[in-house]
$ cat model.txt   # compact mmCIF, C-alpha atoms and all ligand atoms
# COMPACT_ATOMS: atom_id res chain seq x y z
CA MET A 407 14.79 -1.89 -27.51
CA ALA A 408 15.86 -4.13 -24.63
CA GLN A 409 13.20 -5.50 -22.30
CA ALA A 410 12.37 -3.49 -19.18
CA LYS A 411 14.25 -4.04 -15.94
CA LEU A 412 12.02 -6.00 -13.56
CA ILE A 413 11.55 -4.18 -10.23
CA ASP A 414 11.59 -6.90 -7.59
CA GLY A 415 9.27 -5.64 -4.84
CA LYS A 416 9.27 -9.02 -3.11
CA ALA A 417 13.04 -8.93 -2.55
CA PHE A 418 13.01 -5.23 -1.62
CA ALA A 419 10.23 -5.84 0.91
CA ALA A 420 12.13 -8.77 2.46
CA ASP A 421 15.21 -6.54 2.93
CA LEU A 422 13.07 -3.77 4.41
CA ARG A 423 11.42 -6.18 6.88
CA ALA A 424 14.85 -7.44 7.95
CA LYS A 425 16.02 -3.85 8.61
CA ILE A 426 12.82 -3.12 10.55
CA ALA A 427 13.37 -6.24 12.68
CA GLU A 428 16.87 -4.97 13.56
CA ASP A 429 15.45 -1.56 14.54
CA VAL A 430 12.72 -3.22 16.62
CA ALA A 431 15.34 -5.28 18.49
CA GLU A 432 17.32 -2.09 19.19
CA LEU A 433 14.19 -0.22 20.36
CA LYS A 434 13.37 -3.05 22.76
CA ALA A 435 16.93 -3.32 24.08
CA LYS A 436 17.61 0.42 24.49
CA HIS A 437 14.19 1.75 25.45
CA GLY A 438 12.10 -1.27 26.52
CA VAL A 439 9.47 -0.44 23.89
CA THR A 440 7.83 -3.20 21.82
CA PRO A 441 5.89 -1.75 18.87
CA GLY A 442 2.32 -3.09 18.81
CA LEU A 443 -0.01 -3.30 15.81
CA ALA A 444 -3.74 -4.07 15.97
CA VAL A 445 -5.55 -5.06 12.77
CA VAL A 446 -9.34 -5.19 12.66
CA LEU A 447 -11.17 -7.23 10.02
CA VAL A 448 -14.96 -7.06 9.65
CA GLY A 449 -16.46 -9.92 7.64
CA GLU A 450 -14.95 -12.76 5.62
CA ASP A 451 -13.72 -11.24 2.35
CA PRO A 452 -11.28 -13.96 1.16
CA ALA A 453 -8.51 -11.62 -0.05
CA SER A 454 -8.76 -9.52 3.12
CA GLN A 455 -8.45 -12.66 5.25
CA VAL A 456 -5.15 -13.49 3.50
CA TYR A 457 -3.81 -9.92 3.86
CA VAL A 458 -4.78 -9.76 7.55
CA ARG A 459 -3.21 -13.13 8.30
CA ASN A 460 -0.01 -12.02 6.52
CA LYS A 461 0.00 -8.75 8.45
CA GLY A 462 -0.18 -10.61 11.76
CA GLU A 463 2.53 -13.10 10.80
CA GLN A 464 4.91 -10.45 9.44
CA THR A 465 4.35 -8.20 12.47
CA GLU A 466 5.37 -11.04 14.80
CA ALA A 467 8.30 -12.03 12.57
CA ALA A 468 9.64 -8.46 12.92
CA GLY A 469 9.57 -8.87 16.73
CA MET A 470 6.52 -6.65 17.22
CA TYR A 471 3.39 -7.31 19.26
CA SER A 472 0.39 -8.22 17.09
CA GLU A 473 -3.35 -8.34 17.74
CA THR A 474 -5.94 -9.33 15.15
CA HIS A 475 -9.61 -8.61 15.82
CA ARG A 476 -11.90 -10.64 13.56
CA LEU A 477 -15.47 -9.33 13.76
CA PRO A 478 -18.55 -10.83 12.07
CA ALA A 479 -19.88 -9.24 8.87
CA ASP A 480 -23.02 -8.00 10.69
CA THR A 481 -21.00 -6.01 13.26
CA SER A 482 -22.63 -2.59 13.56
CA GLN A 483 -20.69 0.59 12.90
CA ASP A 484 -21.03 1.58 16.58
CA GLU A 485 -19.58 -1.77 17.67
CA LEU A 486 -16.63 -1.33 15.29
CA LEU A 487 -16.03 2.23 16.46
CA ALA A 488 -16.04 0.99 20.08
CA VAL A 489 -13.26 -1.50 19.20
CA VAL A 490 -11.27 1.30 17.54
CA ALA A 491 -11.75 3.56 20.59
CA LYS A 492 -10.45 0.80 22.88
CA LEU A 493 -7.37 0.28 20.70
CA ASN A 494 -6.75 4.05 20.52
CA ALA A 495 -6.53 4.02 24.34
CA ASP A 496 -4.44 0.83 24.68
CA PRO A 497 -0.79 1.63 25.57
CA LYS A 498 0.45 -1.72 24.15
CA ILE A 499 -0.84 -0.67 20.72
CA HIS A 500 0.99 1.93 18.59
CA GLY A 501 -0.71 1.24 15.25
CA VAL A 502 -4.40 0.61 14.51
CA LEU A 503 -5.63 -0.47 11.09
CA VAL A 504 -9.12 -1.40 9.94
CA GLN A 505 -8.87 -3.61 6.86
CA PHE A 506 -10.72 -2.33 3.78
CA PRO A 507 -13.16 -2.88 2.26
CA VAL A 508 -15.57 -2.80 5.21
CA PRO A 509 -19.13 -4.14 4.67
CA PRO A 510 -21.47 -1.67 2.92
CA HIS A 511 -23.46 -0.76 6.07
CA ILE A 512 -20.27 0.75 7.57
CA SER A 513 -18.90 4.13 6.46
CA GLN A 514 -15.19 3.95 5.68
CA MET A 515 -14.98 7.74 6.27
CA ASP A 516 -16.46 7.39 9.79
CA VAL A 517 -14.03 4.57 10.61
CA VAL A 518 -11.05 6.65 9.49
CA ALA A 519 -12.33 9.65 11.47
CA ALA A 520 -12.40 7.48 14.61
CA LEU A 521 -8.69 6.56 14.39
CA SER A 522 -6.20 8.36 16.59
CA PRO A 523 -3.93 10.21 14.08
CA ASP A 524 -0.92 9.14 16.20
CA LYS A 525 -1.84 5.46 15.66
CA ASP A 526 -3.14 5.85 12.08
CA VAL A 527 -0.58 3.57 10.40
CA ASP A 528 -2.65 3.65 7.18
CA GLY A 529 -2.06 7.42 6.99
CA LEU A 530 -5.70 8.08 6.12
CA THR A 531 -6.92 10.54 8.77
CA VAL A 532 -7.37 14.13 7.69
CA THR A 533 -4.56 15.03 10.09
CA ASN A 534 -2.04 12.75 8.37
CA ALA A 535 -3.32 13.53 4.84
CA GLY A 536 -3.07 17.25 5.63
CA ARG A 537 0.39 16.88 7.12
CA LEU A 538 1.57 15.03 4.00
CA ALA A 539 0.08 17.71 1.73
CA SER A 540 1.71 20.43 3.86
CA GLY A 541 5.16 18.84 3.80
CA LEU A 542 5.10 18.02 7.53
CA PRO A 543 6.16 14.69 9.08
CA ALA A 544 3.19 12.32 8.76
CA LEU A 545 2.19 8.68 8.83
CA THR A 546 1.55 8.05 5.14
CA PRO A 547 -0.43 5.35 3.27
CA CYS A 548 1.59 2.16 2.94
CA THR A 549 1.20 1.33 -0.76
CA PRO A 550 2.29 4.74 -2.13
CA LEU A 551 5.11 4.79 0.43
CA GLY A 552 6.26 1.45 -0.96
CA CYS A 553 5.98 2.73 -4.55
CA MET A 554 8.18 5.72 -3.67
CA MET A 555 10.83 3.42 -2.19
CA LEU A 556 10.86 1.31 -5.37
CA LEU A 557 10.99 4.41 -7.58
CA LYS A 558 13.89 5.98 -5.66
CA ASP A 559 15.76 2.67 -5.66
CA THR A 560 15.26 2.33 -9.43
CA LEU A 561 15.75 5.93 -10.58
CA GLY A 562 17.62 7.71 -7.78
CA ASP A 563 16.72 11.41 -7.87
CA LEU A 564 13.16 11.91 -9.17
CA SER A 565 13.48 15.69 -9.46
CA GLY A 566 12.00 17.14 -12.66
CA LYS A 567 10.49 13.86 -13.87
CA ASN A 568 7.00 13.88 -15.40
CA ALA A 569 4.87 11.55 -13.29
CA VAL A 570 1.35 10.45 -14.16
CA VAL A 571 -0.74 8.78 -11.45
CA ILE A 572 -3.82 6.99 -12.77
CA GLY A 573 -6.35 6.81 -9.93
CA ARG A 574 -7.46 9.28 -7.28
CA SER A 575 -8.30 7.26 -4.17
CA ASN A 576 -7.44 8.51 -0.68
CA LEU A 577 -5.50 5.28 -0.05
CA MET A 578 -3.38 5.43 -3.20
CA GLY A 579 -3.74 8.04 -5.97
CA LYS A 580 -3.91 11.23 -3.92
CA PRO A 581 -1.09 10.43 -1.44
CA MET A 582 1.04 9.05 -4.31
CA ALA A 583 0.71 12.36 -6.12
CA GLN A 584 1.67 14.27 -2.95
CA MET A 585 4.75 12.09 -2.42
CA LEU A 586 5.88 12.54 -6.04
CA LEU A 587 5.34 16.28 -5.73
CA ALA A 588 7.42 16.32 -2.55
CA ALA A 589 10.16 14.60 -4.57
CA ASP A 590 10.02 17.50 -7.08
CA CYS A 591 8.25 15.63 -9.89
CA THR A 592 5.80 17.36 -12.22
CA VAL A 593 2.66 15.45 -11.33
CA THR A 594 -0.56 14.77 -13.22
CA ILE A 595 -3.43 12.89 -11.57
CA ALA A 596 -5.51 11.14 -14.22
CA HIS A 597 -8.55 8.92 -13.75
CA SER A 598 -11.27 7.01 -15.57
CA ARG A 599 -12.98 10.26 -16.68
CA SER A 600 -9.80 11.94 -17.96
CA LYS A 601 -9.92 12.83 -21.65
CA ASP A 602 -7.26 11.17 -23.82
CA LEU A 603 -5.82 9.01 -21.02
CA PRO A 604 -3.35 7.29 -23.41
CA GLY A 605 -2.08 10.72 -24.54
CA ILE A 606 -1.60 11.87 -20.93
CA VAL A 607 0.21 8.66 -19.95
CA ARG A 608 2.51 8.93 -23.01
CA GLN A 609 4.01 12.15 -21.53
CA ALA A 610 5.18 10.32 -18.41
CA ASP A 611 8.68 9.36 -17.32
CA ILE A 612 6.96 7.64 -14.38
CA VAL A 613 3.57 5.93 -14.66
CA VAL A 614 1.76 4.77 -11.51
CA ALA A 615 -1.31 2.73 -12.45
CA ALA A 616 -3.81 2.46 -9.58
CA VAL A 617 -7.17 2.56 -11.28
CA GLY A 618 -8.40 -0.99 -10.61
CA ARG A 619 -9.01 -1.99 -14.25
CA ALA A 620 -7.16 -5.11 -15.35
CA GLU A 621 -4.54 -4.60 -18.07
CA MET A 622 -5.84 -1.14 -18.98
CA VAL A 623 -2.41 0.43 -19.65
CA LYS A 624 -1.23 -0.80 -23.06
CA ALA A 625 2.21 -0.68 -24.71
CA ASP A 626 1.27 2.22 -27.01
CA TRP A 627 0.33 4.33 -23.93
CA VAL A 628 3.89 4.17 -22.58
CA LYS A 629 6.84 6.37 -23.55
CA PRO A 630 9.85 4.18 -24.42
CA GLY A 631 12.11 3.89 -21.36
CA ALA A 632 9.46 5.03 -18.84
CA THR A 633 9.28 3.48 -15.37
CA VAL A 634 5.94 1.75 -14.80
CA ILE A 635 4.59 0.97 -11.32
CA ASP A 636 1.56 -1.31 -11.33
CA VAL A 637 -0.61 -1.08 -8.21
CA GLY A 638 -3.63 -2.98 -9.57
CA ILE A 639 -4.59 -6.45 -8.37
CA THR A 640 -7.49 -8.18 -10.12
CA ARG A 641 -8.09 -11.82 -9.31
CA TYR A 642 -9.17 -14.20 -12.12
CA PRO A 643 -9.71 -17.96 -12.06
CA ALA A 644 -6.48 -19.87 -12.85
CA ARG A 645 -5.90 -20.58 -16.57
CA ASP A 646 -5.69 -24.34 -15.97
CA PRO A 647 -9.33 -25.56 -15.74
CA ALA A 648 -8.52 -28.16 -13.05
CA ALA A 649 -6.76 -25.52 -10.94
CA ALA A 650 -9.64 -23.08 -11.52
CA ALA A 651 -12.14 -25.75 -10.47
CA ALA A 652 -10.09 -26.19 -7.28
CA GLY A 653 -10.55 -22.44 -6.61
CA LYS A 654 -7.02 -21.39 -7.65
CA THR A 655 -6.70 -17.82 -8.94
CA ARG A 656 -4.22 -15.73 -10.92
CA LEU A 657 -3.50 -12.06 -10.31
CA VAL A 658 -3.49 -9.41 -13.03
CA GLY A 659 -2.38 -5.79 -12.67
CA ASP A 660 -3.65 -2.57 -14.27
CA VAL A 661 -0.83 -2.79 -16.83
CA ALA A 662 -0.75 -5.19 -19.80
CA PHE A 663 2.56 -6.52 -18.52
CA ASP A 664 3.64 -8.74 -21.45
CA GLU A 665 3.41 -5.94 -24.00
CA VAL A 666 4.42 -2.99 -21.78
CA LYS A 667 7.65 -4.69 -20.64
CA GLU A 668 8.81 -4.48 -24.29
CA VAL A 669 8.58 -0.66 -24.18
CA ALA A 670 9.19 0.43 -20.57
CA GLY A 671 12.62 1.00 -19.02
CA ALA A 672 11.59 -0.62 -15.74
CA ILE A 673 8.37 -2.23 -14.54
CA THR A 674 6.88 -3.89 -11.46
CA PRO A 675 5.29 -7.31 -11.95
CA VAL A 676 1.99 -8.47 -10.43
CA PRO A 677 2.35 -10.39 -8.18
CA GLY A 678 5.74 -9.68 -6.64
CA GLY A 679 5.95 -5.91 -7.28
CA VAL A 680 4.13 -3.31 -5.24
CA GLY A 681 1.94 -5.74 -3.20
CA PRO A 682 4.62 -7.05 -0.81
CA MET A 683 5.75 -3.46 -0.12
CA THR A 684 2.35 -2.64 1.41
CA ILE A 685 2.82 -4.82 4.48
CA ALA A 686 6.54 -4.01 4.82
CA CYS A 687 5.64 -0.29 4.89
CA LEU A 688 2.89 -0.99 7.42
CA LEU A 689 5.58 -2.40 9.71
CA ALA A 690 7.76 0.66 9.02
CA ASN A 691 4.85 2.96 9.95
CA THR A 692 4.15 0.98 13.13
CA LEU A 693 7.79 1.36 14.16
CA THR A 694 7.64 5.10 13.45
CA ALA A 695 4.39 5.45 15.43
CA ALA A 696 5.85 3.50 18.37
CA LYS A 697 8.92 5.74 18.47
CA ARG A 698 6.87 8.94 18.28
CA LEU A 699 4.34 7.82 20.91
CA SER A 700 7.23 6.86 23.22
CA GLY A 701 8.97 10.19 22.71
CA ILE A 702 11.95 8.66 20.88
CA ALA A 703 12.56 10.34 17.49
N1 LIG B 1 -6.71 -0.65 5.63
C1 LIG B 1 -6.20 -1.04 4.44
N2 LIG B 1 -6.91 -1.83 3.64
C2 LIG B 1 -6.39 -2.19 2.44
C3 LIG B 1 -5.08 -1.78 2.05
C4 LIG B 1 -4.37 -0.94 2.92
O1 LIG B 1 -3.22 -0.48 2.63
N3 LIG B 1 -4.95 -0.59 4.11
N4 LIG B 1 -4.51 -2.25 0.87
C5 LIG B 1 -5.16 -3.31 0.13
C6 LIG B 1 -4.81 -4.71 0.52
N5 LIG B 1 -3.47 -4.96 1.10
C7 LIG B 1 -3.26 -4.60 2.38
O2 LIG B 1 -4.12 -4.41 3.17
C8 LIG B 1 -2.51 -5.75 0.41
C9 LIG B 1 -2.60 -5.99 -0.93
C10 LIG B 1 -1.68 -6.84 -1.58
C11 LIG B 1 -0.65 -7.41 -0.87
C12 LIG B 1 0.30 -8.37 -1.48
O3 LIG B 1 1.22 -8.80 -0.85
N6 LIG B 1 0.07 -8.78 -2.74
C13 LIG B 1 0.84 -9.82 -3.38
C14 LIG B 1 -0.09 -10.93 -3.82
C15 LIG B 1 -0.75 -11.61 -2.67
C16 LIG B 1 -1.88 -12.53 -3.12
O4 LIG B 1 -1.58 -13.62 -3.56
O5 LIG B 1 -3.05 -12.10 -3.01
C17 LIG B 1 1.57 -9.28 -4.61
O6 LIG B 1 1.04 -8.33 -5.23
O7 LIG B 1 2.61 -9.81 -4.92
C18 LIG B 1 -0.54 -7.16 0.48
C19 LIG B 1 -1.46 -6.32 1.10
C20 LIG B 1 -6.68 -3.20 0.26
N7 LIG B 1 -7.09 -3.00 1.61
$ encode --input "model.txt" --output "structure tokens"
Amino acid sequence: MAQAKLIDGKAFAADLRAKIAEDVAELKAKHGVTPGLAVVLVGEDPASQVYVRNKGEQTEAAGMYSETHRLPADTSQDELLAVVAKLNADPKIHGVLVQFPVPPHISQMDVVAALSPDKDVDGLTVTNAGRLASGLPALTPCTPLGCMMLLKDTLGDLSGKNAVVIGRSNLMGKPMAQMLLAADCTVTIAHSRSKDLPGIVRQADIVVAAVGRAEMVKADWVKPGATVIDVGITRYPARDPAAAAAGKTRLVGDVAFDEVKEVAGAITPVPGGVGPMTIACLLANTLTAAKRLSGIA
């Protein structure tokens, strides 16, 4: 069998950001509205620092207004919630995002509950999760939104496909399953406690791996020709000892890419697959929130 088609999330995300920038320019010119995104980072997690910096840079590159609030790791939950409350009330800001993970003394659930659903560009509030589950217009989590765009671009109509989502987080697995269901897939949510995970995954026309275990999905788990979307990102020291000593890392997904690409019909790489779609979809959500808050669309 031929090798899988490589799904180029990096290129897709670049096209999406360019389209968003055009829409932002039009929104400014026609309505005088500049979408504004505020990102809040608590602590110094190295990966989060990179993601937050990239969010700020890509927000500005799209012509939007960007604010980044970097708070020390010992910020109390009340102090963080006060920052969120201020951003909820700020008319320049249409999207508010608190970068995860937050330090262990802060409850992620309480942070999400403090977000205004209208500015919840992560799509995590119960209002937006409930709207998604009910088939109503919602702000939806960025990574599954990006996965859906890649799937529709690769496969076209998803109706009737068997989709297996591995992972059940609020940020990824659950909304992914809802989006696939809304696209008329037959959806199974599997997780680390599922019995016969390989057998479940082998039924799938679409596999979305978001379980956070490096290279867990093997070639003999995958039906020949299936489309495989890899959401996992595990960071290991670089293979080259000198590079590793200099702190360089390599990224590995939840799918054993080298073997699965021999079986799958299409597959996302890590890096360069789903990851870049996350920030592009954050910009898309910020634009949507700005339009809705301004009464346009
Ligand atoms: N509040 C949120 N926190 C987190 C989210 C989120 O959606 N909302 N998702 C992840 C991290 N994340 C965005 O925040 C993110 C992850 C990965 C990428 C990305 O571009 N990955 C690249 C590799 C980049 C690298 O070298 O590290 C790729 O896969 O090609 C962007 C954003 C957790 N927290």
$ residues_near_point --input "model.txt" --point "(2.2, 1.3, -2.7)" --cutoff "9 Å" --atoms "all atoms listed in the file" --output "list of chain:residue names"
A:Pro547, A:Cys548, A:Thr549, A:Pro550, A:Leu551, A:Gly552, A:Cys553, A:Met554, A:Met555, A:Met578, A:Met582, A:Ile635, A:Val637, A:Val680, A:Gly681, A:Pro682, A:Met683, A:Thr684, A:Cys687
$ atom_distance --input "model.txt" --atom1 "atom CA of Met515 of chain A" --atom2 "atom CA of His597 of chain A"
21.1 Å
$ atom_distance --input "model.txt" --atom1 "atom CA of Val617 of chain A" --atom2 "atom CA of Thr546 of chain A"
19.4 Å
$ closest_residue --input "model.txt" --among "A:Val593, A:Met585, A:Val532, A:Leu603" --to "Asp626 of chain A" --atoms "only C-alpha atoms"
A:Leu603
$ closest_residue --input "model.txt" --among "A:Ala417, A:Val504, A:Ile499, A:Ala632" --to "Leu693 of chain A" --atoms "only C-alpha atoms"
A:Ile499
$ closest_residue --input "model.txt" --among "A:Ser482, A:Gln505, A:Thr440, A:Asn691" --to "Arg459 of chain A" --atoms "all atoms listed in the file"
A:Gln505
$ closest_residue --input "model.txt" --among "A:Met622, A:Ile572, A:Ala453, A:Ala588" --to "Pro543 of chain A" --atoms "all atoms listed in the file"
A:Ala588
$ residues_around --input "model.txt" --residues "segment 656-665 of chain A" --least-positions-apart "2" --cutoff "8 Å" --atoms "all atoms listed in the file" --output "PyMOL selection string"
chain A and resi 615-625+636-645+654+667-669+675-677
$ write_last_selection --input "model.txt" --atoms "C-alpha atoms" --output "CSV table (one decimal), in the coordinates of the input"
chain,number,residue,atom,x,y,z
A,615,ALA,CA,-1.3,2.7,-12.4
A,616,ALA,CA,-3.8,2.5,-9.6
A,617,VAL,CA,-7.2,2.6,-11.3
A,618,GLY,CA,-8.4,-1.0,-10.6
A,619,ARG,CA,-9.0,-2.0,-14.2
A,620,ALA,CA,-7.2,-5.1,-15.4
A,621,GLU,CA,-4.5,-4.6,-18.1
A,622,MET,CA,-5.8,-1.1,-19.0
A,623,VAL,CA,-2.4,0.4,-19.6
A,624,LYS,CA,-1.2,-0.8,-23.1
A,625,ALA,CA,2.2,-0.7,-24.7
A,636,ASP,CA,1.6,-1.3,-11.3
A,637,VAL,CA,-0.6,-1.1,-8.2
A,638,GLY,CA,-3.6,-3.0,-9.6
A,639,ILE,CA,-4.6,-6.4,-8.4
A,640,THR,CA,-7.5,-8.2,-10.1
A,641,ARG,CA,-8.1,-11.8,-9.3
A,642,TYR,CA,-9.2,-14.2,-12.1
A,643,PRO,CA,-9.7,-18.0,-12.1
A,644,ALA,CA,-6.5,-19.9,-12.8
A,645,ARG,CA,-5.9,-20.6,-16.6
A,654,LYS,CA,-7.0,-21.4,-7.6
A,667,LYS,CA,7.6,-4.7,-20.6
A,668,GLU,CA,8.8,-4.5,-24.3
A,669,VAL,CA,8.6,-0.7,-24.2
A,675,PRO,CA,5.3,-7.3,-12.0
A,676,VAL,CA,2.0,-8.5,-10.4
A,677,PRO,CA,2.4,-10.4,-8.2
$ closest_residue --input "model.txt" --among "A:Lys697, A:Lys629, A:Arg599, A:Lys580" --to "Leu538 of chain A" --atoms "all atoms listed in the file"
A:Lys580
$ closest_residue --input "model.txt" --among "A:Ala703, A:Leu545, A:Val445, A:Leu587" --to "Ser565 of chain A" --atoms "all atoms listed in the file"
A:Leu587
$ axis_aligned_box --input "model.txt" --around "segment 484-487 of chain A" --padding-each-side "6 Å" --output "AutoDock Vina command-line options"
--center_x -18.5 --center_y 0.2 --center_z 16.5 --size_x 17.0 --size_y 16.0 --size_z 14.4
$ residues_around --input "model.txt" --residues "Glu428 of chain A" --least-positions-apart "3" --cutoff "12 Å" --atoms "only C-alpha atoms" --output "ChimeraX atom specification"
/A:421-425,431-435,467-470,690,693
